[in-house]
$ cat my_file22.csv   # CSV, C-alpha atoms
chain,number,residue,atom,x,y,z
A,437,MET,CA,-84.2,-18.7,0.5
A,438,GLU,CA,-83.1,-21.3,-2.1
A,439,GLN,CA,-85.6,-22.6,-4.6
A,440,PRO,CA,-85.8,-26.4,-4.4
A,441,PRO,CA,-85.0,-28.1,-7.8
A,442,ALA,CA,-87.8,-29.4,-9.9
A,443,ASP,CA,-88.4,-33.1,-9.6
A,444,PHE,CA,-88.5,-33.8,-13.4
A,445,ASP,CA,-87.7,-37.5,-13.1
A,446,GLY,CA,-90.4,-38.1,-10.5
A,447,ALA,CA,-93.0,-36.2,-12.4
A,448,TRP,CA,-92.5,-37.9,-15.7
A,449,LYS,CA,-92.3,-41.4,-14.2
A,450,TYR,CA,-95.6,-40.7,-12.3
A,451,ALA,CA,-97.3,-39.3,-15.3
A,452,LEU,CA,-96.3,-42.1,-17.7
A,453,GLU,CA,-97.5,-44.7,-15.3
A,454,GLN,CA,-100.8,-42.9,-14.7
A,455,TYR,CA,-101.5,-41.7,-18.3
A,456,PHE,CA,-99.7,-43.9,-20.8
A,457,ALA,CA,-102.5,-43.8,-23.4
A,458,PRO,CA,-102.9,-40.0,-23.3
A,459,PHE,CA,-99.1,-39.8,-23.6
A,460,LEU,CA,-99.1,-41.7,-26.9
A,461,GLU,CA,-102.2,-40.0,-28.1
A,462,LEU,CA,-100.7,-36.6,-27.8
A,463,PHE,CA,-97.1,-37.1,-28.8
A,464,PHE,CA,-97.0,-40.3,-30.8
A,465,PRO,CA,-100.5,-40.7,-32.5
A,466,ASP,CA,-99.3,-43.4,-34.9
A,467,ALA,CA,-98.4,-45.7,-32.0
A,468,TYR,CA,-101.6,-44.7,-30.2
A,469,ALA,CA,-103.8,-45.6,-33.2
A,470,ALA,CA,-102.2,-49.1,-33.7
A,471,ILE,CA,-102.5,-50.3,-30.1
A,472,ASP,CA,-105.5,-52.3,-28.8
A,473,TRP,CA,-106.4,-50.3,-25.6
A,474,ASN,CA,-108.9,-52.9,-24.6
A,475,GLU,CA,-106.0,-55.2,-23.8
A,476,PRO,CA,-104.0,-54.5,-20.6
A,477,VAL,CA,-100.9,-52.4,-20.8
A,478,ALA,CA,-98.1,-53.7,-18.7
A,479,PHE,CA,-95.2,-51.7,-17.2
A,480,ARG,CA,-92.2,-54.0,-17.2
A,481,ASP,CA,-89.9,-52.5,-14.5
A,482,THR,CA,-88.2,-55.8,-13.8
A,483,GLU,CA,-87.3,-56.4,-17.4
A,484,LEU,CA,-86.2,-52.8,-17.6
A,485,GLN,CA,-83.8,-53.4,-14.7
A,486,GLN,CA,-82.4,-56.4,-16.5
A,487,ILE,CA,-82.0,-54.6,-19.8
A,488,ALA,CA,-80.6,-51.4,-18.4
A,489,PRO,CA,-78.8,-52.4,-15.1
A,490,GLU,CA,-76.2,-49.6,-15.4
A,491,ASP,CA,-78.9,-46.9,-15.2
A,492,GLN,CA,-79.4,-45.3,-11.9
A,493,GLU,CA,-82.0,-43.1,-10.5
A,494,GLY,CA,-81.7,-39.4,-10.3
A,495,LYS,CA,-79.9,-38.8,-13.6
A,496,GLN,CA,-82.3,-36.4,-15.1
A,497,ARG,CA,-83.8,-39.1,-17.3
A,498,VAL,CA,-86.6,-41.5,-17.2
A,499,ASP,CA,-86.9,-44.8,-19.1
A,500,LYS,CA,-90.2,-46.8,-19.2
A,501,LEU,CA,-90.7,-50.2,-20.8
A,502,VAL,CA,-94.3,-51.0,-21.7
A,503,GLN,CA,-95.7,-54.2,-23.2
A,504,VAL,CA,-98.7,-53.6,-25.4
A,505,ARG,CA,-100.9,-55.5,-27.9
A,506,ARG,CA,-101.5,-54.3,-31.4
A,507,LEU,CA,-104.9,-54.2,-32.9
A,508,ASP,CA,-104.1,-57.3,-34.9
A,509,GLY,CA,-103.5,-59.1,-31.7
A,510,THR,CA,-99.7,-59.4,-31.9
A,511,PRO,CA,-97.5,-58.1,-29.0
A,512,ALA,CA,-95.1,-55.2,-29.2
A,513,TRP,CA,-92.8,-53.4,-26.8
A,514,VAL,CA,-92.8,-49.6,-26.4
A,515,PHE,CA,-89.6,-48.2,-24.9
A,516,VAL,CA,-89.9,-44.6,-23.8
A,517,HIS,CA,-86.9,-42.5,-23.1
A,518,VAL,CA,-87.3,-39.1,-21.5
A,519,GLU,CA,-84.2,-36.9,-21.4
A,520,ILE,CA,-84.3,-33.8,-19.3
A,521,GLN,CA,-80.9,-32.4,-20.2
A,522,SER,CA,-79.2,-32.3,-23.6
A,523,GLN,CA,-76.1,-34.2,-24.3
A,524,ARG,CA,-73.3,-33.1,-26.6
A,525,ASP,CA,-72.2,-36.4,-27.9
A,526,THR,CA,-74.1,-39.4,-29.4
A,527,ALA,CA,-74.5,-41.1,-26.0
A,528,PHE,CA,-78.3,-40.7,-26.0
A,529,ALA,CA,-79.0,-42.2,-29.4
A,530,GLU,CA,-76.5,-45.0,-28.8
A,531,ARG,CA,-78.1,-45.8,-25.5
A,532,MET,CA,-81.5,-46.0,-27.2
A,533,PHE,CA,-80.0,-48.4,-29.8
A,534,ARG,CA,-78.4,-50.6,-27.2
A,535,TYR,CA,-81.6,-51.0,-25.1
A,536,HIS,CA,-83.6,-51.5,-28.3
A,537,ALA,CA,-81.2,-54.3,-29.4
A,538,ARG,CA,-81.0,-56.0,-26.0
A,539,LEU,CA,-84.8,-56.1,-25.8
A,540,TYR,CA,-85.2,-57.4,-29.4
A,541,ASP,CA,-82.5,-60.0,-28.7
A,542,ARG,CA,-84.3,-61.2,-25.6
A,543,ASP,CA,-87.8,-61.6,-27.0
A,544,ARG,CA,-87.7,-61.2,-30.8
A,545,VAL,CA,-90.7,-59.0,-30.7
A,546,PRO,CA,-91.0,-55.6,-32.5
A,547,VAL,CA,-89.7,-52.8,-30.3
A,548,VAL,CA,-90.8,-49.2,-30.7
A,549,SER,CA,-88.3,-46.7,-29.2
A,550,LEU,CA,-89.6,-43.3,-28.5
A,551,ALA,CA,-87.7,-40.2,-27.3
A,552,VAL,CA,-89.0,-37.2,-25.3
A,553,LEU,CA,-86.4,-34.4,-25.4
A,554,GLY,CA,-87.1,-32.2,-22.4
A,555,ASP,CA,-83.9,-30.1,-22.6
A,556,GLU,CA,-83.5,-26.4,-23.4
A,557,GLU,CA,-81.1,-26.5,-26.3
A,558,ALA,CA,-82.9,-25.9,-29.5
A,559,GLY,CA,-80.2,-27.6,-31.6
A,560,TRP,CA,-80.1,-30.9,-29.9
A,561,ARG,CA,-82.2,-33.3,-31.9
A,562,PRO,CA,-81.0,-36.9,-31.9
A,563,ASP,CA,-83.2,-39.1,-34.1
A,564,HIS,CA,-81.0,-42.0,-35.2
A,565,PHE,CA,-78.1,-44.3,-34.4
A,566,GLY,CA,-76.1,-46.2,-36.9
A,567,TYR,CA,-73.0,-46.8,-38.9
A,568,GLU,CA,-71.9,-48.1,-42.2
A,569,LEU,CA,-68.7,-50.0,-42.8
A,570,TRP,CA,-67.5,-51.9,-45.9
A,571,GLY,CA,-71.0,-52.1,-47.3
A,572,CYS,CA,-72.6,-53.2,-44.1
A,573,GLU,CA,-75.1,-50.7,-42.7
A,574,LEU,CA,-76.9,-50.5,-39.4
A,575,ALA,CA,-79.6,-47.9,-38.6
A,576,LEU,CA,-82.2,-47.2,-35.9
A,577,ARG,CA,-84.4,-44.2,-36.6
A,578,PHE,CA,-86.7,-43.2,-33.8
A,579,PRO,CA,-89.6,-40.7,-33.5
A,580,SER,CA,-89.1,-38.0,-30.9
A,581,VAL,CA,-90.9,-35.0,-29.4
A,582,LYS,CA,-89.0,-31.9,-28.5
A,583,LEU,CA,-90.9,-30.1,-25.7
A,584,LEU,CA,-89.3,-26.8,-26.6
A,585,ASP,CA,-91.0,-27.0,-30.1
A,586,LEU,CA,-94.6,-27.5,-28.8
A,587,ASP,CA,-96.9,-24.6,-29.3
A,588,THR,CA,-98.0,-23.2,-25.9
A,589,THR,CA,-101.4,-22.1,-27.1
A,590,TRP,CA,-102.1,-25.5,-28.6
A,591,LEU,CA,-101.0,-27.2,-25.3
A,592,GLU,CA,-103.2,-24.8,-23.3
A,593,GLN,CA,-106.2,-25.6,-25.4
A,594,THR,CA,-105.7,-29.4,-25.4
A,595,ARG,CA,-107.3,-31.4,-22.6
A,596,ASN,CA,-104.7,-34.1,-22.1
A,597,PRO,CA,-102.7,-34.5,-18.9
A,598,PHE,CA,-99.5,-34.6,-21.0
A,599,ALA,CA,-100.3,-31.2,-22.5
A,600,THR,CA,-100.5,-29.9,-18.9
A,601,LEU,CA,-97.3,-31.8,-18.0
A,602,ALA,CA,-95.5,-30.3,-21.0
A,603,LEU,CA,-96.6,-26.8,-19.9
A,604,LEU,CA,-95.5,-27.4,-16.3
A,605,HIS,CA,-92.2,-28.7,-17.5
A,606,ARG,CA,-91.5,-25.5,-19.5
A,607,ASP,CA,-92.8,-23.4,-16.6
A,608,ALA,CA,-90.3,-25.1,-14.3
A,609,GLN,CA,-87.4,-24.3,-16.7
A,610,GLU,CA,-88.5,-20.8,-17.4
A,611,THR,CA,-89.0,-19.8,-13.8
A,612,ARG,CA,-85.8,-21.5,-12.5
A,613,GLY,CA,-84.3,-18.9,-10.1
A,614,LYS,CA,-87.4,-16.6,-10.5
A,615,PRO,CA,-89.5,-17.6,-7.4
A,616,THR,CA,-91.9,-14.7,-7.5
A,617,GLU,CA,-92.7,-15.4,-11.2
A,618,ARG,CA,-93.1,-19.1,-10.3
A,619,VAL,CA,-95.8,-18.3,-7.7
A,620,LEU,CA,-97.8,-16.4,-10.3
A,621,ARG,CA,-97.3,-19.0,-13.0
A,622,LYS,CA,-98.4,-21.7,-10.6
A,623,ALA,CA,-101.6,-19.9,-9.7
A,624,ALA,CA,-102.4,-19.2,-13.4
A,625,ARG,CA,-101.8,-22.8,-14.3
A,626,TYR,CA,-104.0,-24.0,-11.5
A,627,ARG,CA,-106.8,-21.7,-12.8
A,628,GLU,CA,-106.5,-23.1,-16.3
A,629,LEU,CA,-106.5,-26.7,-14.9
A,630,LEU,CA,-109.7,-26.2,-13.0
A,631,ARG,CA,-111.4,-24.6,-16.0
A,632,GLN,CA,-110.4,-27.4,-18.4
A,633,GLY,CA,-113.0,-29.7,-16.9
A,634,TYR,CA,-110.8,-32.6,-15.8
A,635,THR,CA,-112.3,-35.3,-13.6
A,636,ALA,CA,-111.5,-35.0,-9.9
A,637,PRO,CA,-108.8,-37.8,-9.9
A,638,ASP,CA,-107.1,-36.0,-12.9
A,639,VAL,CA,-107.1,-32.7,-11.1
A,640,ARG,CA,-105.5,-34.3,-8.1
A,641,ALA,CA,-102.9,-36.1,-10.2
A,642,LEU,CA,-102.1,-32.9,-12.1
A,643,LEU,CA,-101.9,-31.0,-8.9
A,644,ARG,CA,-99.3,-33.5,-7.7
A,645,LEU,CA,-97.3,-33.0,-10.9
A,646,MET,CA,-97.5,-29.2,-10.4
A,647,GLU,CA,-96.2,-29.5,-6.9
A,648,HIS,CA,-93.2,-31.5,-8.0
A,649,LEU,CA,-92.3,-29.4,-10.9
A,650,LEU,CA,-93.0,-25.9,-9.6
A,651,ARG,CA,-91.4,-26.2,-6.2
A,652,LEU,CA,-90.9,-23.3,-3.9
A,653,ASP,CA,-89.1,-22.4,-0.6
A,654,PRO,CA,-91.4,-22.8,2.4
A,655,THR,CA,-92.4,-19.2,2.7
A,656,LEU,CA,-93.4,-18.8,-1.0
A,657,ALA,CA,-94.9,-22.3,-0.9
A,658,GLN,CA,-97.3,-21.0,1.8
A,659,GLU,CA,-98.1,-17.9,-0.3
A,660,ALA,CA,-98.8,-20.1,-3.4
A,661,ARG,CA,-101.1,-22.4,-1.4
A,662,ASP,CA,-103.1,-19.5,-0.2
A,663,THR,CA,-103.4,-18.1,-3.7
A,664,MET,CA,-104.3,-21.6,-5.1
A,665,ARG,CA,-107.0,-22.0,-2.5
A,666,GLN,CA,-108.4,-18.6,-3.5
A,667,VAL,CA,-108.2,-19.6,-7.2
A,668,GLU,CA,-110.1,-22.8,-6.5
A,669,LEU,CA,-112.8,-20.9,-4.6
A,670,GLU,CA,-113.2,-18.4,-7.5
A,671,VAL,CA,-113.4,-21.0,-10.2
A,672,THR,CA,-115.4,-23.8,-8.5
A,673,GLY,CA,-117.0,-22.1,-5.6
A,674,MET,CA,-115.3,-24.6,-3.2
A,675,ASP,CA,-111.8,-25.5,-2.1
A,676,THR,CA,-112.3,-29.3,-2.4
A,677,PHE,CA,-109.0,-30.3,-3.9
A,678,VAL,CA,-106.7,-28.3,-1.7
A,679,THR,CA,-108.7,-29.3,1.4
A,680,SER,CA,-108.8,-33.0,0.4
A,681,PHE,CA,-105.0,-33.1,0.2
A,682,GLU,CA,-104.6,-31.5,3.6
A,683,GLU,CA,-107.1,-34.1,4.9
A,684,ILE,CA,-105.1,-36.9,3.4
A,685,GLY,CA,-102.0,-35.6,5.2
A,686,ARG,CA,-103.9,-35.2,8.4
A,687,ILE,CA,-105.1,-38.8,8.3
A,688,GLU,CA,-101.8,-40.3,7.4
A,689,GLU,CA,-100.2,-38.5,10.3
A,690,ARG,CA,-102.9,-39.7,12.6
A,691,GLN,CA,-102.2,-43.3,11.6
A,692,GLU,CA,-98.5,-42.9,12.0
A,693,ILE,CA,-98.7,-41.4,15.5
A,694,VAL,CA,-101.2,-44.0,16.7
A,695,LEU,CA,-99.1,-46.9,15.4
A,696,ARG,CA,-95.9,-45.5,17.0
A,697,GLN,CA,-97.7,-45.0,20.3
A,698,LEU,CA,-99.2,-48.5,20.2
A,699,ASN,CA,-95.7,-50.0,19.5
A,700,ARG,CA,-94.4,-48.1,22.5
A,701,LYS,CA,-97.3,-49.1,24.8
A,702,VAL,CA,-97.9,-52.7,23.9
A,703,GLY,CA,-94.9,-53.7,21.8
A,704,GLN,CA,-94.4,-54.3,18.1
A,705,LEU,CA,-97.8,-55.1,16.5
A,706,PRO,CA,-98.2,-58.2,14.2
A,707,GLU,CA,-99.0,-57.3,10.6
A,708,GLU,CA,-102.7,-58.3,11.1
A,709,LEU,CA,-103.2,-55.9,14.0
A,710,ARG,CA,-101.4,-53.1,12.1
A,711,ALA,CA,-103.7,-53.6,9.2
A,712,ARG,CA,-106.8,-53.4,11.4
A,713,VAL,CA,-105.6,-50.2,12.9
A,714,ALA,CA,-104.7,-48.7,9.6
A,715,ALA,CA,-108.2,-49.5,8.3
A,716,LEU,CA,-109.9,-47.5,11.0
A,717,ALA,CA,-112.0,-44.4,10.1
A,718,PRO,CA,-110.2,-41.1,10.8
A,719,GLU,CA,-112.6,-40.3,13.7
A,720,THR,CA,-112.1,-43.7,15.2
A,721,LEU,CA,-108.4,-43.3,15.1
A,722,LEU,CA,-108.8,-40.1,17.2
A,723,THR,CA,-110.8,-42.1,19.7
A,724,LEU,CA,-108.1,-44.8,19.8
A,725,THR,CA,-105.3,-42.3,20.6
A,726,GLU,CA,-107.1,-41.6,23.9
A,727,ALA,CA,-108.1,-45.1,24.6
A,728,LEU,CA,-104.6,-46.5,24.1
A,729,LEU,CA,-103.4,-44.4,27.0
A,730,ASP,CA,-104.9,-47.1,29.3
A,731,PHE,CA,-103.7,-50.1,27.3
A,732,THR,CA,-101.2,-52.4,28.9
A,733,ALA,CA,-101.2,-55.4,26.6
A,734,GLN,CA,-102.0,-56.2,23.0
A,735,SER,CA,-105.1,-58.0,24.2
A,736,ASP,CA,-106.5,-54.5,25.3
A,737,LEU,CA,-106.1,-53.4,21.7
A,738,VAL,CA,-107.7,-56.5,20.3
A,739,ALA,CA,-110.6,-56.1,22.7
A,740,TRP,CA,-111.0,-52.5,21.8
A,741,LEU,CA,-110.9,-53.2,18.0
A,742,ASP,CA,-113.5,-56.1,18.4
A,743,GLN,CA,-115.8,-53.7,20.2
A,744,GLN,CA,-115.5,-51.2,17.4
A,745,ASP,CA,-116.3,-53.9,14.8
A,746,GLY,CA,-119.9,-53.7,16.1
A,747,GLY,CA,-119.4,-55.4,19.5
A,748,GLN,CA,-119.4,-59.0,18.2
A,749,ALA,CA,-120.8,-60.5,21.4
A,750,PRO,CA,-119.1,-63.7,22.5
B,89,VAL,CA,-93.8,-47.0,-5.6
B,90,THR,CA,-92.6,-43.4,-5.3
B,91,ARG,CA,-94.3,-41.3,-2.6
B,92,PHE,CA,-95.6,-38.4,-4.5
B,93,VAL,CA,-96.9,-36.0,-1.9
B,94,THR,CA,-97.9,-32.4,-2.3
B,95,SER,CA,-97.0,-29.6,0.1
B,96,PHE,CA,-100.7,-29.5,1.0
B,97,GLU,CA,-100.4,-33.0,2.4
B,98,GLU,CA,-97.4,-31.9,4.5
B,99,ILE,CA,-99.4,-29.0,5.9
B,100,GLY,CA,-102.2,-31.4,6.8
B,101,ARG,CA,-99.7,-33.7,8.4
B,102,ALA,CA,-98.4,-30.9,10.6
B,103,GLU,CA,-101.9,-30.0,11.6
B,104,GLY,CA,-102.8,-33.6,12.4
B,105,GLN,CA,-99.7,-33.9,14.6
B,106,ARG,CA,-100.5,-30.8,16.6
B,107,GLU,CA,-104.1,-31.9,16.9
B,108,ILE,CA,-103.3,-35.3,18.4
B,109,VAL,CA,-100.4,-34.1,20.7
B,110,LEU,CA,-102.5,-31.3,22.2
B,111,ARG,CA,-105.5,-33.6,22.7
B,112,LEU,CA,-103.4,-36.2,24.5
B,113,LEU,CA,-101.5,-33.7,26.6
B,114,ASN,CA,-104.8,-32.4,27.7
B,115,ARG,CA,-105.9,-35.8,28.7
B,116,LYS,CA,-102.6,-36.8,30.4
B,117,VAL,CA,-101.7,-33.6,32.3
B,118,GLY,CA,-104.9,-31.5,32.3
B,119,PRO,CA,-105.7,-28.4,30.3
B,120,LEU,CA,-102.5,-26.6,29.2
B,121,THR,CA,-101.8,-23.0,30.0
B,122,ASP,CA,-101.7,-20.6,27.0
B,123,GLU,CA,-98.0,-20.3,27.4
B,124,LEU,CA,-97.5,-24.1,27.3
B,125,GLN,CA,-99.8,-24.5,24.4
B,126,THR,CA,-97.8,-21.9,22.4
B,127,ARG,CA,-94.6,-23.7,23.2
B,128,VAL,CA,-95.9,-27.0,22.0
B,129,THR,CA,-97.4,-25.5,18.9
B,130,ALA,CA,-94.1,-23.9,18.0
B,131,LEU,CA,-92.3,-27.3,17.9
B,132,SER,CA,-90.9,-28.6,14.7
B,133,PRO,CA,-92.6,-31.7,13.1
B,134,GLU,CA,-89.7,-33.9,14.3
B,135,SER,CA,-89.9,-32.7,17.9
B,136,LEU,CA,-93.7,-33.1,17.9
B,137,LEU,CA,-93.3,-36.7,16.7
B,138,THR,CA,-90.9,-37.4,19.6
B,139,LEU,CA,-93.2,-35.6,22.0
B,140,SER,CA,-96.1,-37.8,20.8
B,141,GLU,CA,-94.3,-40.8,22.3
B,142,ALA,CA,-92.7,-39.1,25.3
B,143,LEU,CA,-96.1,-37.9,26.6
B,144,LEU,CA,-97.2,-41.4,27.2
B,145,ASP,CA,-95.0,-41.3,30.3
B,146,PHE,CA,-96.1,-37.9,31.5
B,147,THR,CA,-98.2,-37.6,34.7
B,148,ALA,CA,-98.1,-33.9,35.4
B,149,GLN,CA,-97.5,-30.6,33.6
B,150,ASN,CA,-94.0,-30.5,35.1
B,151,ASP,CA,-93.1,-33.4,33.0
B,152,LEU,CA,-94.1,-31.5,29.9
B,153,VAL,CA,-92.2,-28.4,31.0
B,154,ALA,CA,-89.1,-30.4,31.7
B,155,TRP,CA,-89.4,-32.1,28.3
B,156,LEU,CA,-89.7,-28.8,26.6
B,157,ASP,CA,-86.8,-27.2,28.4
B,158,GLN,CA,-84.7,-30.2,27.5
B,159,HIS,CA,-85.7,-30.1,23.9
B,160,GLY,CA,-84.6,-26.5,23.2
B,161,SER,CA,-87.9,-24.7,23.5
B,162,LYS,CA,-86.9,-22.0,25.9
B,163,GLN,CA,-89.5,-20.3,28.0
B,164,ALA,CA,-90.4,-16.9,26.5
B,165,SER,CA,-89.1,-14.2,28.9

$ encode --input "my_file22.csv" --output "C-alpha cells"
Amino acid sequence: MEQPPADFDGAWKYALEQYFAPFLELFFPDAYAAIDWNEPVAFRDTELQQIAPEDQEGKQRVDKLVQVRRLDGTPAWVFVHVEIQSQRDTAFAERMFRYHARLYDRDRVPVVSLAVLGDEEAGWRPDHFGYELWGCELALRFPSVKLLDLDTTWLEQTRNPFATLALLHRDAQETRGKPTERVLRKAARYRELLRQGYTAPDVRALLRLMEHLLRLDPTLAQEARDTMRQVELEVTGMDTFVTSFEEIGRIEERQEIVLRQLNRKVGQLPEELRARVAALAPETLLTLTEALLDFTAQSDLVAWLDQQDGGQAP
Amino acid sequence: VTRFVTSFEEIGRAEGQREIVLRLLNRKVGPLTDELQTRVTALSPESLLTLSEALLDFTAQNDLVAWLDQHGSKQAS
C-alpha cells in the first residue's frame, strides 16, 4: 500500500503557532534574547494575507508573520519563512526581500526575516538578496537554519519541541518510501519523547506532529499504534496519551452523531441549543442518544436538557 | 484553524460510532443476532454514519436487514 506523504506544511504551521518562543530560542538565539516575552506575541495572519496574497496553501512552504516587542519596549516584526524543497533559482531570496520590503513600507517598523531550509540539497543556501547598479546598492542579508546541518545527537539531547520537530522532519525525509523503517523510527522517537520529561500537553502536541510527519498506510499505522502503546506502557507504566487521543475521537464522534440525529428528529437546532448539547459530558451524551429516540419536537430536547441541568424546578 | 488529528483519534471515532449505532439498534429493534452484529461492525465509517440516521426510522430487525442488503453488506453464505 502507498505511503501517504508527510504533511510538512501542517506540522510547521502548527508548531510555530504553539511554540514560537522555543523556535527562536533553539534556532535564532539572538532574536530570542532581544524579545520581551512578558509581552504578548501576535500572529498576524490577516496582514500576512495582505502582504503575500499570491501565496497559496500546499506549496511545501510556510510563512508566519509575528509581531513582538523588544526588551526596550519598541515593536518589531518577525517574518519566518520555512521552505521544504530547495529551489534552483533566486526565487526564494527574492521572495523574502519582497515581503520584507512590503511590510517595512506598510509600517516603517524593523522587520527581521528568518529562513528555515528544510530541503535535502546540501548546497542550497540562500542567505541574501540584492543588486548593485551604477553605484547604487541594495542588500538584504538574513539568518537561516539548514535542518540538514543540525547535529542529530545534539537535537536528541535538547529538550525543545523544535529539536524534536527537526528530528521528525529528517525522519520523514529519510524514511520516505521505506515504511517498515518508518514504523521502527516512529516507535524509537516516541520512546525518546516520553523519556525527555516533557509536560503532558507537550507530549500530546509532539505526538500530533509525529503523526503528521511519519504517516503510514492503514495497516502499518495500526502496527505502529500497537507498538507505541507498548512503548508508552514500558516507559511510563501507563498508556495515558494514546488512550486519551482515542477518547477524544470517541467523544467527538458521539457529539457528531447526536447532533445529526437531533437535526433529523426535531429539525435544525439553533446555535444556542447546539452549544448546550456540545457541552454535555460524554456519559450524558450517550444517555441523550437513547432519549432522543422519543423526541418529536425541539421542546422535548429543551425539557430534557433543563432536567439534566439539575432539574431547575419551575 | 487547521484540524490536526492523529490516527489515534480516528480509531477512537470509529469505536465511538460502532458503540452508539449498536446501542441504538439494540434499543430500536431488540438484541441483534451475532450475524447481524458482525455485519454492522464490518461497515465502513461512512456507512455507519448513514446508518446512525437511518436507524431512527427502523421498527424491526427486518428494516436493518433490508438496509444492510441495500448498502452492499451481503449476507455471509

$ residues_around --input "my_file22.csv" --residues "stretch 646-651 of chain A" --least-positions-apart "2" --cutoff "8 Å" --atoms "all atoms listed in the file" --output "number ranges by chain"
A: 439-444, 446-447, 604-605, 607-608, 618, 622, 642-644, 653, 657; B: 94-95

$ interface_residues --input "my_file22.csv" --of "chain A" --to "chain B" --cutoff "10 Å" --atoms "only C-alpha atoms" --output "ChimeraX atom specification"
/A:446-447,449-450,640-641,643-648,651-652,654,657-658,661,677-694,696-701,722,725-726,728-730

$ atom_distance --input "my_file22.csv" --atom1 "atom CA of A:Leu620" --atom2 "atom CA of A:Thr655"
14.4 Å

$ residues_around --input "my_file22.csv" --residues "A:Leu462" --least-positions-apart "4" --cutoff "10 Å" --atoms "all atoms listed in the file" --output "number ranges by chain"
A: 457-458, 466, 468, 591, 594-599

$ residues_around --input "my_file22.csv" --residues "A:Arg480" --least-positions-apart "4" --cutoff "7 Å" --atoms "all atoms listed in the file" --output "list in words"
Leu484, Leu501, Val502 and Gln503 of chain A

$ atom_distance --input "my_file22.csv" --atom1 "atom CA of A:Thr588" --atom2 "atom CA of A:Arg621"
13.6 Å

$ decode --input "my_file22.csv" --residues "stretch 131-149 of chain B" --atoms "C-alpha atoms" --output "PDB file, in the first residue's frame"
ATOM      1  CA  LEU B 131     -19.419  -1.366   7.849  1.00  0.00           C
ATOM      2  CA  SER B 132     -17.173   1.489   6.756  1.00  0.00           C
ATOM      3  CA  PRO B 133     -17.209   4.699   8.829  1.00  0.00           C
ATOM      4  CA  GLU B 134     -19.238   6.457   6.105  1.00  0.00           C
ATOM      5  CA  SER B 135     -21.865   3.697   6.051  1.00  0.00           C
ATOM      6  CA  LEU B 136     -22.074   3.650   9.836  1.00  0.00           C
ATOM      7  CA  LEU B 137     -22.738   7.380   9.849  1.00  0.00           C
ATOM      8  CA  THR B 138     -25.558   6.903   7.316  1.00  0.00           C
ATOM      9  CA  LEU B 139     -26.922   4.024   9.371  1.00  0.00           C
ATOM     10  CA  SER B 140     -26.879   6.167  12.524  1.00  0.00           C
ATOM     11  CA  GLU B 141     -29.548   8.342  10.895  1.00  0.00           C
ATOM     12  CA  ALA B 142     -31.424   5.624   9.010  1.00  0.00           C
ATOM     13  CA  LEU B 143     -31.977   3.584  12.162  1.00  0.00           C
ATOM     14  CA  LEU B 144     -34.179   6.315  13.587  1.00  0.00           C
ATOM     15  CA  ASP B 145     -36.935   5.010  11.292  1.00  0.00           C
ATOM     16  CA  PHE B 146     -36.397   1.309  11.969  1.00  0.00           C
ATOM     17  CA  THR B 147     -39.082  -0.608  13.811  1.00  0.00           C
ATOM     18  CA  ALA B 148     -37.964  -4.233  13.348  1.00  0.00           C
ATOM     19  CA  GLN B 149     -34.817  -6.236  12.589  1.00  0.00           C
TER      20      GLN B 149
END
